[in-house]
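For reference, the structure is listed below as structure tokens.
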Amino acid sequence: MPRIARIVRTLPLVALLALVAFVPGTLAQNRLTLEDIHASPKYIGTFFQGGRWAETGPVLLYVRGNADGSSDLMQVNVETDRREVVIAGAGLRKDDDGAKALAMEDYTYSKDGRKVLFFTDSSPVWRYNTQGYYYVYDLDTRRVVPVSAREPGTQLFAKFSPDGSKVAFVRNRNLYVKDLATGQERALTTDGADGSIINGTTDWVYEEEFGLRDAFQWSPDGRRIAFMQFDESNERMFDMIDNRDFYPKVTAFRYPKAGTPNAEVRLGVIDVASGATRFFDTGTWRSQDDATEYLPQFGWTPANAPGGAQVWALRMNRDQNDATLLYGDPASMAVRTILRETSPTWLEVETGFTDLTGGTLTFLDNGQGFVWVSERDGYRHLYLYKTDGTFVRPLTRGPWDVTGFLGADEANGTIFFAAAKESPMERHIYRQAVDLTTGAATGRTNGRGATTGRGRGATSGRNATTPAPPEPVRLTLEAGWHDADLSRDRRYFIDSHSTLDQPTIVTLRRTDGTIVRTLEGNDALRRTLAQTQRPRVEWTTVPAADGTTRLNAMVWKPSTFDASKKYPVLLYVYGGPGSQTVKNQWGGSRQLWHEYLAEELGVVVVSVDNRGTGARGNAFKTVTYKRLGQLEAQDQIAAARYIGQQSWADASRLGIWGWSYGGFTTLNSLLMGAGPQTFRVGMAVAPVTDWKQYDTIYTERFLSTPQNNPAGYTDGSPIRYAANLADHQHLLIVHGDLDDNVHLQNTTQMTYALQNADKSFDLMIYPGKNHGIGGRATRLHLFRMMTDYVRDNLIGR
């Protein structure tokens, strides 16, 4: 059996990544400790004060907090570092709130630049702080006035009308508009109510899984507002119980579990002047038809588009493998199909928690076309369409995934995007010269503008009339992980770059890739790390359970590693669809804990991206479709057994741990198939244990519904395999009792099954903690406990 070290030397990846990312040097003096990692600022880096790009030039606007509780709106020329106060907050007071200082949390300028909308005193609705209070600051009069009174409740997503004369906002599930000249406030909807109708914002599951929270938009001419309306009456309530007080406190919210009813949803248009409201027939409202279930994205087409501004919406079926782009005429309310794309597995449109950024659809400024993101050819790429849905040409092509469309320089025929082109374990920024003209379409249409289905999706983009796009130009030459923020004039981008051995460095670059200056070098943290005794990491591949697929892996070994000795091994896994843990990116405290285990406890830590993970094309990602948890566990078991055969590994001391989906994969790897014969220790934090307990949108995207795929749910649930826990195995399960994402119910049902099977295990519940189990003292307690668990049961005292 070849040794891992031998495999590493033969990998093509070595040309891209240093085999040994870091080796302790002579300067190393400090040793990693749990307290330094989890309960002190020692290894916390500094962050660049970002902001929003001005219309032109390398200028950012941002909010700076002051000691007296006020805030200033600042601007900085990031090329020269010249900073100046745009709006001083010292004199800005909230007259409706005891004349307290106005602490700006967010801001929006009116289109004419004469007014600013400030957001303050925010609090979370679900995951994010989206409710609070808004104030309008008039730059001419220098007056601050509240958008609305505080007494009726908090406001959400306030926006200026295009002419700056009005502000629309959501309050108590209804839409309102205020005339800034007269001060008159009007309700545009009145049917919003807890437990039933929501106007202008979304329910829990849309925010969590589609990343959609703000659900209304002004038309370009300011005459209308397009908005989404939900009716969550049929969604079941879910209760979370906080037992920390004298009497339990119950928090209840609507949570649709897999196979149960979702909220009804439809798209409406309000005539702002008259208040008249009409709804498009999208087929999603009380239709009882799974073919038209979701509206995950919507907006207005550009005012200069052929036919003027129309409402667009992306509609999906319940299984999320059939997406239709719809246009609605706000005058006639007619709805037409522009584009349809299908997949035998799923289509990914989520922008909140995936590698896909920027959304599925981006209209060009000239109004003549849009860029569409699709995996129809086996990899995620960009395609150009005319605004009427006629296919024009592919913009990118190749055996690699585009991970983010950053924008287009239409005047110069250039697009900018992020991609995993060099390696699945890296992200780089690219520019590419493209033809963005839409005059000569090559796609087939159905006579109504809708591109017809072909192959996996709407149009394959591979035919004789569409030549291959030119090779993209890589702008970030440094190995590692790059995230970019492109300026509005397309002349600059801010690059956030890190590697596994170095924390984030932020630089300003021109769009030819030239570095202008370093904005944040994290020098102090880099010096601290250089003076810390740390392990080495190796990049390699290991075989999947199918015997042919190679899986990317990284291995942390102690700096004093001796190949003649035997080491315990701990696998770290997430493993969910499209995710990655094996990447050349700084991993913060989680990574440092793995380094601590290697360096201080002598544990070799390994992470393997099983089949179903991301950045290796659609076929690799979707192989787990309708059988979540099965192939992932098989691959982790195969990887562990392979590692256990290496001369330096102790096959009798193999462990695995993960969080969330990783906790789910940990349990299945421990209990399924050869898991009991492979792993000695498993630690599952906040695990899903039965996908019927999870939400509709995420779960059914990969499994369909329990009604349609009962075996997929049963066969992938670790509850089914609870009796397989062997006497020599040690299992620790950890959960926060106020986890609104993966509910404690998952752990309760898992422990119930283990008890019924007469199995011994360890359990830790964190009162009052959500899915992240956050808090400095709590994190230290958690990782000290897991460290002790590894020491006692994997290493052996």
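Residues in the structure tokens are named by chain (A, B, ... in the order shown) and by number from 1 within that chain; ligands are numbered from 1 in the order shown.
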As a PDB file with C-alpha atoms, in the first residue's frame, which residues of segment 198-342 of chain A does DSSP assign to strand (DSSP E or B)?
```pdb
ATOM      1  CA  ILE A 198     -46.835  38.700   5.379  1.00  0.00           C
ATOM      2  CA  ASN A 199     -46.353  41.595   2.957  1.00  0.00           C
ATOM      3  CA  THR A 201     -40.773  40.519   3.680  1.00  0.00           C
ATOM      4  CA  ASP A 214     -36.291  42.097   1.550  1.00  0.00           C
ATOM      5  CA  PHE A 216     -40.473  44.660  -2.130  1.00  0.00           C
ATOM      6  CA  GLN A 217     -38.987  46.970  -4.768  1.00  0.00           C
ATOM      7  CA  TRP A 218     -39.883  50.315  -6.294  1.00  0.00           C
ATOM      8  CA  ARG A 224     -45.449  51.196  -8.507  1.00  0.00           C
ATOM      9  CA  ILE A 225     -44.095  48.814  -5.906  1.00  0.00           C
ATOM     10  CA  ALA A 226     -43.655  45.115  -6.621  1.00  0.00           C
ATOM     11  CA  PHE A 227     -43.897  42.954  -3.526  1.00  0.00           C
ATOM     12  CA  MET A 228     -44.199  39.392  -2.346  1.00  0.00           C
ATOM     13  CA  GLN A 229     -47.074  38.250  -0.192  1.00  0.00           C
ATOM     14  CA  PHE A 230     -47.004  35.116   1.940  1.00  0.00           C
ATOM     15  CA  ASP A 231     -49.760  33.265   3.753  1.00  0.00           C
ATOM     16  CA  MET A 237     -45.709  26.074  14.625  1.00  0.00           C
ATOM     17  CA  PHE A 238     -42.452  25.010  16.231  1.00  0.00           C
ATOM     18  CA  ASP A 239     -41.780  25.670  19.922  1.00  0.00           C
ATOM     19  CA  MET A 240     -38.394  26.195  21.537  1.00  0.00           C
ATOM     20  CA  ILE A 241     -38.249  26.140  25.322  1.00  0.00           C
ATOM     21  CA  ASP A 242     -35.785  28.198  27.348  1.00  0.00           C
ATOM     22  CA  LYS A 249     -40.081  30.636  28.275  1.00  0.00           C
ATOM     23  CA  VAL A 250     -41.537  29.380  25.014  1.00  0.00           C
ATOM     24  CA  THR A 251     -40.554  30.854  21.645  1.00  0.00           C
ATOM     25  CA  ALA A 252     -42.829  29.780  18.810  1.00  0.00           C
ATOM     26  CA  PHE A 253     -42.438  30.359  15.090  1.00  0.00           C
ATOM     27  CA  ARG A 254     -43.601  28.870  11.829  1.00  0.00           C
ATOM     28  CA  LYS A 257     -40.564  20.566   7.985  1.00  0.00           C
ATOM     29  CA  GLU A 264     -48.400  30.248   0.011  1.00  0.00           C
ATOM     30  CA  VAL A 265     -46.639  32.924  -2.021  1.00  0.00           C
ATOM     31  CA  ARG A 266     -47.565  35.346  -4.788  1.00  0.00           C
ATOM     32  CA  LEU A 267     -46.220  38.467  -6.437  1.00  0.00           C
ATOM     33  CA  GLY A 268     -48.212  41.700  -6.483  1.00  0.00           C
ATOM     34  CA  VAL A 269     -47.970  45.257  -7.758  1.00  0.00           C
ATOM     35  CA  ILE A 270     -49.238  48.318  -5.908  1.00  0.00           C
ATOM     36  CA  ASP A 271     -50.110  51.568  -7.669  1.00  0.00           C
ATOM     37  CA  THR A 277     -53.165  46.278  -5.534  1.00  0.00           C
ATOM     38  CA  ARG A 278     -53.182  43.513  -8.116  1.00  0.00           C
ATOM     39  CA  PHE A 279     -51.477  40.126  -8.185  1.00  0.00           C
ATOM     40  CA  TYR A 294     -41.520  28.847  -4.885  1.00  0.00           C
ATOM     41  CA  LEU A 295     -40.630  32.379  -5.961  1.00  0.00           C
ATOM     42  CA  PRO A 296     -37.020  32.591  -4.711  1.00  0.00           C
ATOM     43  CA  GLN A 297     -36.009  35.764  -6.619  1.00  0.00           C
ATOM     44  CA  PHE A 298     -37.772  38.741  -8.179  1.00  0.00           C
ATOM     45  CA  GLY A 299     -37.224  42.327  -9.296  1.00  0.00           C
ATOM     46  CA  TRP A 300     -37.778  44.853 -12.084  1.00  0.00           C
ATOM     47  CA  VAL A 311     -41.599  42.614 -13.027  1.00  0.00           C
ATOM     48  CA  TRP A 312     -39.463  39.500 -13.303  1.00  0.00           C
ATOM     49  CA  ALA A 313     -39.588  36.467 -11.046  1.00  0.00           C
ATOM     50  CA  LEU A 314     -37.907  33.118 -10.839  1.00  0.00           C
ATOM     51  CA  ARG A 315     -40.420  30.363 -10.161  1.00  0.00           C
ATOM     52  CA  MET A 316     -39.462  26.869  -9.051  1.00  0.00           C
ATOM     53  CA  ASP A 322     -37.408  23.139 -12.673  1.00  0.00           C
ATOM     54  CA  ALA A 323     -36.891  26.914 -12.828  1.00  0.00           C
ATOM     55  CA  THR A 324     -38.867  29.331 -14.973  1.00  0.00           C
ATOM     56  CA  LEU A 325     -38.068  32.995 -15.545  1.00  0.00           C
ATOM     57  CA  LEU A 326     -41.335  34.941 -15.747  1.00  0.00           C
ATOM     58  CA  TYR A 327     -42.053  38.512 -16.839  1.00  0.00           C
ATOM     59  CA  GLY A 328     -45.177  40.261 -15.587  1.00  0.00           C
ATOM     60  CA  VAL A 335     -47.439  36.863 -17.339  1.00  0.00           C
ATOM     61  CA  ARG A 336     -45.175  35.234 -19.909  1.00  0.00           C
ATOM     62  CA  THR A 337     -42.430  32.655 -19.768  1.00  0.00           C
ATOM     63  CA  ILE A 338     -39.010  33.937 -20.801  1.00  0.00           C
ATOM     64  CA  LEU A 339     -36.705  31.041 -19.983  1.00  0.00           C
ATOM     65  CA  ARG A 340     -37.005  27.616 -18.455  1.00  0.00           C
ATOM     66  CA  GLU A 341     -34.241  25.406 -17.090  1.00  0.00           C
ATOM     67  CA  THR A 342     -34.523  21.886 -15.723  1.00  0.00           C
TER      68      THR A 342
END
```
Applying 8 Å and only C-alpha atoms, which residues near Gly65 of chain A remain after dropping the ones on its own chain fewer than 6 positions away? List them as a PyMOL selection string. chain A and resi 71-72+103-104
Just to be explicit: take each residue in the selection above, keep N, CA and C atoms, and write the result as a short mmCIF file (atom, residue, chain, number, x, y, z; two decimals), in the first residue's frame.
```cif
data_model
loop_
_atom_site.label_atom_id
_atom_site.label_comp_id
_atom_site.auth_asym_id
_atom_site.auth_seq_id
_atom_site.Cartn_x
_atom_site.Cartn_y
_atom_site.Cartn_z
N SER A 71 -22.42 58.41 15.34
CA SER A 71 -21.67 57.83 14.24
C SER A 71 -21.46 58.89 13.17
N ASP A 72 -20.37 58.76 12.44
CA ASP A 72 -20.08 59.62 11.30
C ASP A 72 -20.14 58.81 10.03
N ALA A 103 -26.98 56.51 16.23
CA ALA A 103 -25.88 55.60 15.89
C ALA A 103 -26.20 54.92 14.57
N MET A 104 -25.60 55.39 13.50
CA MET A 104 -25.87 54.84 12.17
C MET A 104 -25.42 53.39 12.09
#
```
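You can rank A:Val623, A:Ala54, A:Val473, A:Ala90 by their closest distance to Tyr492 of chain A using only C-alpha atoms, and at the top of that list sits A:Ala54.
Taking only C-alpha atoms into account, Gly629 of chain A lies nearest to A:Ser717 out of the set A:Asn366, A:Ser717, A:Thr613, A:Ser589.
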re atom CA of Val573 of chain A and atom CA of Ala726 of chain A: distance 21.0 Å
At a cut-off of 6 Å, using only C-alpha atoms, what residues contact segment 756-770 of chain A? Leave out same-chain residues fewer than 5 positions from it and give the result as a PyMOL selection string. chain A and resi 723+731-739
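Residue neighbourhood of Val688 of chain A, excluding near-sequence residues (fewer than 5 positions): Ser660, Tyr661, Gly662, Gly663, Phe664, Thr665, Gln693, Tyr694, Ser717, Pro718, Val742, His743, Asn746 and Thr747 of chain A, at 9 Å, using only C-alpha atoms.
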Restricting the calculation to only C-alpha atoms, which member of A:Asp203, A:Asp138, A:Asp81, A:Glu595 is positioned closest to Glu232 of chain A? A:Asp203
